[in-house]
Amino acid sequence: MNDSMSLGIHRLWKDWLVRHMNPTPGTQLLDVAGGTGNSCYQEQEGSLVGSKAVICDINKEMLKVGKEKSLRLGYSEGLSWVAGDAEELPFADEKFDVYTIAFGIRNVTHIETALEEAYRVLKPGGRFLCLEFSKVNNPLLARLYDLYSFQVIPVLGEIIAGDWKSYQYLVESIRRFPPQVTY
């Protein structure tokens, strides 16, 4: 569905995130709302080599799918899978060099609490990297984006995943998310 909805562009964004992260051997990475772990094995094969990545998600079933997928693709070295809530992370203070969250922070109930938790688990000088959908500022692009979002994405959700409601919620949650300058 992500490939269909974004025409594959989400992979470029995640690849950019990993390149920007530029992990070195020994980097301790936490990927919150990481679900299936796709951010850890994007097109940048080998870019996390020597790093330790913890994929943390509140949804145990998504973690199970991610772990199975990583084993199938041969990406299990240095990965661990932990069920946990972004608002109450099950990790010690100052444990991670990098905290990532890709397209998941808008689904956190209390964003401020999740940000405080991110700060708590990051080592001094650690980096917080977030990818999220937000407001389109160009009026013409905004109209096209709204048209695509409300008229195409739920239809794709129904056709591909048999789930109109979840993809209608996705579009609505993006619209409710605060504009870029808020955070």
# chains A, B, ... in the order shown; residues from 1 in each chain; ligands from 1
$ select_by_dssp --residues "segment 61-154 of chain A" --states "strand (DSSP E or B)" --output "PyMOL selection string"
chain A and resi 79-83+85+88+96-102+122-131
$ residues_around --residues "Ala118 of chain A" --least-positions-apart "4" --cutoff "7 Å" --atoms "only C-alpha atoms" --output "ChimeraX atom specification"
/A:99,114,122
$ residues_around --residues "Ser76 of chain A" --least-positions-apart "2" --cutoff "12 Å" --atoms "only C-alpha atoms" --output "count of residues only"
25
$ residues_around --residues "segment 144-154 of chain A" --least-positions-apart "4" --cutoff "7 Å" --atoms "only C-alpha atoms" --output "list in words"
Met5, Leu140, Glu158, Trp164, Tyr167, Gln168 and Val171 of chain A
$ write_last_selection --atoms "N, CA and C atoms" --output "PDB file, in the first residue's frame"
ATOM      1  N   MET A   5       0.346   4.121  -2.663  1.00  0.00           N
ATOM      2  CA  MET A   5      -0.112   5.461  -2.266  1.00  0.00           C
ATOM      3  C   MET A   5       0.891   6.544  -2.634  1.00  0.00           C
ATOM      4  N   LEU A 140      -2.099  25.503  -5.156  1.00  0.00           N
ATOM      5  CA  LEU A 140      -2.419  24.600  -6.268  1.00  0.00           C
ATOM      6  C   LEU A 140      -2.054  23.159  -5.905  1.00  0.00           C
ATOM      7  N   GLU A 158      -9.122   0.187  -0.374  1.00  0.00           N
ATOM      8  CA  GLU A 158     -10.176  -0.814  -0.560  1.00  0.00           C
ATOM      9  C   GLU A 158      -9.769  -1.869  -1.588  1.00  0.00           C
ATOM     10  N   TRP A 164     -11.074   0.295   3.321  1.00  0.00           N
ATOM     11  CA  TRP A 164     -11.323   1.710   3.028  1.00  0.00           C
ATOM     12  C   TRP A 164     -11.129   2.554   4.285  1.00  0.00           C
ATOM     13  N   TYR A 167      -7.600   3.690   5.537  1.00  0.00           N
ATOM     14  CA  TYR A 167      -6.935   4.654   4.665  1.00  0.00           C
ATOM     15  C   TYR A 167      -7.662   5.988   4.642  1.00  0.00           C
ATOM     16  N   GLN A 168      -8.955   5.984   4.930  1.00  0.00           N
ATOM     17  CA  GLN A 168      -9.673   7.243   5.153  1.00  0.00           C
ATOM     18  C   GLN A 168      -9.149   7.880   6.436  1.00  0.00           C
ATOM     19  N   VAL A 171      -5.688   9.544   5.875  1.00  0.00           N
ATOM     20  CA  VAL A 171      -5.792  10.869   5.252  1.00  0.00           C
ATOM     21  C   VAL A 171      -6.263  11.902   6.272  1.00  0.00           C
TER      22      VAL A 171
END
$ select_by_dssp --residues "chain A" --states "helix (DSSP H, G or I)" --output "VMD selection string"
chain A and resid 2 to 6 9 to 21 38 to 41 60 to 73 105 to 107 111 to 121 139 to 151 153 to 161 164 to 176 180 to 182
$ residues_around --residues "Asn59 of chain A" --least-positions-apart "3" --cutoff "10 Å" --atoms "only C-alpha atoms" --output "mmCIF file with N, CA and C atoms, in the first residue's frame"
data_model
loop_
_atom_site.group_PDB
_atom_site.id
_atom_site.type_symbol
_atom_site.label_atom_id
_atom_site.label_comp_id
_atom_site.auth_asym_id
_atom_site.auth_seq_id
_atom_site.Cartn_x
_atom_site.Cartn_y
_atom_site.Cartn_z
ATOM 1 N N ALA A 33 7.779 3.342 16.283
ATOM 2 C CA ALA A 33 6.680 3.131 15.343
ATOM 3 C C ALA A 33 7.245 2.462 14.084
ATOM 4 N N GLY A 34 8.265 1.640 14.312
ATOM 5 C CA GLY A 34 8.988 0.991 13.216
ATOM 6 C C GLY A 34 8.261 -0.180 12.607
ATOM 7 N N GLY A 35 7.243 -0.682 13.286
ATOM 8 C CA GLY A 35 6.404 -1.740 12.749
ATOM 9 C C GLY A 35 7.152 -2.866 12.079
ATOM 10 N N THR A 36 7.085 -2.886 10.773
ATOM 11 C CA THR A 36 7.679 -3.982 10.006
ATOM 12 C C THR A 36 9.153 -3.789 9.736
ATOM 13 N N CYS A 56 10.948 -0.540 17.581
ATOM 14 C CA CYS A 56 9.977 -0.489 18.674
ATOM 15 C C CYS A 56 8.628 -0.071 18.111
ATOM 16 N N MET A 62 2.636 -6.356 14.005
ATOM 17 C CA MET A 62 3.504 -5.730 13.003
ATOM 18 C C MET A 62 4.960 -6.090 13.261
ATOM 19 N N LEU A 63 5.349 -6.101 14.531
ATOM 20 C CA LEU A 63 6.715 -6.491 14.875
ATOM 21 C C LEU A 63 7.005 -7.930 14.449
ATOM 22 N N LYS A 64 6.040 -8.793 14.640
ATOM 23 C CA LYS A 64 6.197 -10.202 14.241
ATOM 24 C C LYS A 64 6.414 -10.299 12.730
ATOM 25 N N VAL A 82 11.151 -4.801 19.799
ATOM 26 C CA VAL A 82 10.625 -4.571 21.142
ATOM 27 C C VAL A 82 9.237 -3.938 21.044
ATOM 28 N N ALA A 83 8.283 -4.539 21.746
ATOM 29 C CA ALA A 83 6.954 -3.939 21.844
ATOM 30 C C ALA A 83 7.023 -2.815 22.866
ATOM 31 N N GLY A 84 6.552 -1.647 22.461
ATOM 32 C CA GLY A 84 6.577 -0.519 23.377
ATOM 33 C C GLY A 84 5.825 0.669 22.829
ATOM 34 N N ASP A 85 5.447 1.537 23.727
ATOM 35 C CA ASP A 85 4.665 2.734 23.431
ATOM 36 C C ASP A 85 5.608 3.937 23.349
#
$ closest_residue --among "A:Glu87, A:Asp3, A:Asp31, A:Glu77" --to "Thr113 of chain A" --atoms "only C-alpha atoms"
A:Glu87
$ decode --residues "segment 83-104 of chain A" --atoms "N, CA and C atoms" --output "PDB file, in the first residue's frame"
ATOM      1  N   ALA A  83       8.283  -4.539  21.746  1.00  0.00           N
ATOM      2  CA  ALA A  83       6.954  -3.939  21.844  1.00  0.00           C
ATOM      3  C   ALA A  83       7.023  -2.815  22.866  1.00  0.00           C
ATOM      4  N   GLY A  84       6.552  -1.647  22.461  1.00  0.00           N
ATOM      5  CA  GLY A  84       6.577  -0.519  23.377  1.00  0.00           C
ATOM      6  C   GLY A  84       5.825   0.669  22.829  1.00  0.00           C
ATOM      7  N   ASP A  85       5.447   1.537  23.727  1.00  0.00           N
ATOM      8  CA  ASP A  85       4.665   2.734  23.431  1.00  0.00           C
ATOM      9  C   ASP A  85       5.608   3.937  23.349  1.00  0.00           C
ATOM     10  N   ALA A  86       5.473   4.735  22.316  1.00  0.00           N
ATOM     11  CA  ALA A  86       6.317   5.921  22.132  1.00  0.00           C
ATOM     12  C   ALA A  86       6.219   6.883  23.312  1.00  0.00           C
ATOM     13  N   GLU A  87       5.110   6.835  24.039  1.00  0.00           N
ATOM     14  CA  GLU A  87       4.908   7.729  25.178  1.00  0.00           C
ATOM     15  C   GLU A  87       5.481   7.176  26.480  1.00  0.00           C
ATOM     16  N   GLU A  88       5.912   5.928  26.468  1.00  0.00           N
ATOM     17  CA  GLU A  88       6.469   5.296  27.664  1.00  0.00           C
ATOM     18  C   GLU A  88       7.442   4.206  27.220  1.00  0.00           C
ATOM     19  N   LEU A  89       8.577   4.637  26.708  1.00  0.00           N
ATOM     20  CA  LEU A  89       9.540   3.709  26.121  1.00  0.00           C
ATOM     21  C   LEU A  89      10.186   2.811  27.179  1.00  0.00           C
ATOM     22  N   PRO A  90      10.337   1.533  26.868  1.00  0.00           N
ATOM     23  CA  PRO A  90      10.903   0.580  27.826  1.00  0.00           C
ATOM     24  C   PRO A  90      12.431   0.512  27.775  1.00  0.00           C
ATOM     25  N   PHE A  91      13.083   1.674  27.739  1.00  0.00           N
ATOM     26  CA  PHE A  91      14.538   1.733  27.625  1.00  0.00           C
ATOM     27  C   PHE A  91      15.118   2.682  28.670  1.00  0.00           C
ATOM     28  N   ALA A  92      16.382   2.426  28.987  1.00  0.00           N
ATOM     29  CA  ALA A  92      17.087   3.266  29.957  1.00  0.00           C
ATOM     30  C   ALA A  92      17.344   4.662  29.388  1.00  0.00           C
ATOM     31  N   ASP A  93      17.597   5.603  30.263  1.00  0.00           N
ATOM     32  CA  ASP A  93      17.973   6.958  29.856  1.00  0.00           C
ATOM     33  C   ASP A  93      19.281   6.919  29.068  1.00  0.00           C
ATOM     34  N   GLU A  94      19.395   7.835  28.114  1.00  0.00           N
ATOM     35  CA  GLU A  94      20.639   8.067  27.365  1.00  0.00           C
ATOM     36  C   GLU A  94      21.235   6.785  26.766  1.00  0.00           C
ATOM     37  N   LYS A  95      20.388   5.983  26.140  1.00  0.00           N
ATOM     38  CA  LYS A  95      20.812   4.699  25.585  1.00  0.00           C
ATOM     39  C   LYS A  95      21.146   4.771  24.093  1.00  0.00           C
ATOM     40  N   PHE A  96      20.491   5.667  23.336  1.00  0.00           N
ATOM     41  CA  PHE A  96      20.587   5.640  21.880  1.00  0.00           C
ATOM     42  C   PHE A  96      21.296   6.868  21.303  1.00  0.00           C
ATOM     43  N   ASP A  97      21.999   6.630  20.198  1.00  0.00           N
ATOM     44  CA  ASP A  97      22.655   7.713  19.455  1.00  0.00           C
ATOM     45  C   ASP A  97      21.667   8.411  18.526  1.00  0.00           C
ATOM     46  N   VAL A  98      20.735   7.628  17.993  1.00  0.00           N
ATOM     47  CA  VAL A  98      19.766   8.151  17.019  1.00  0.00           C
ATOM     48  C   VAL A  98      18.391   7.589  17.328  1.00  0.00           C
ATOM     49  N   TYR A  99      17.402   8.446  17.263  1.00  0.00           N
ATOM     50  CA  TYR A  99      15.995   8.073  17.414  1.00  0.00           C
ATOM     51  C   TYR A  99      15.319   8.467  16.108  1.00  0.00           C
ATOM     52  N   THR A 100      14.683   7.492  15.441  1.00  0.00           N
ATOM     53  CA  THR A 100      13.931   7.799  14.231  1.00  0.00           C
ATOM     54  C   THR A 100      12.472   7.429  14.434  1.00  0.00           C
ATOM     55  N   ILE A 101      11.632   8.168  13.759  1.00  0.00           N
ATOM     56  CA  ILE A 101      10.205   7.846  13.693  1.00  0.00           C
ATOM     57  C   ILE A 101       9.732   8.302  12.318  1.00  0.00           C
ATOM     58  N   ALA A 102       9.282   7.353  11.527  1.00  0.00           N
ATOM     59  CA  ALA A 102       8.892   7.648  10.147  1.00  0.00           C
ATOM     60  C   ALA A 102       7.394   7.403   9.971  1.00  0.00           C
ATOM     61  N   PHE A 103       6.672   8.473   9.747  1.00  0.00           N
ATOM     62  CA  PHE A 103       5.237   8.432   9.491  1.00  0.00           C
ATOM     63  C   PHE A 103       4.463   7.785  10.633  1.00  0.00           C
ATOM     64  N   GLY A 104       4.886   8.070  11.872  1.00  0.00           N
ATOM     65  CA  GLY A 104       4.206   7.487  13.014  1.00  0.00           C
ATOM     66  C   GLY A 104       3.878   8.467  14.110  1.00  0.00           C
TER      67      GLY A 104
END
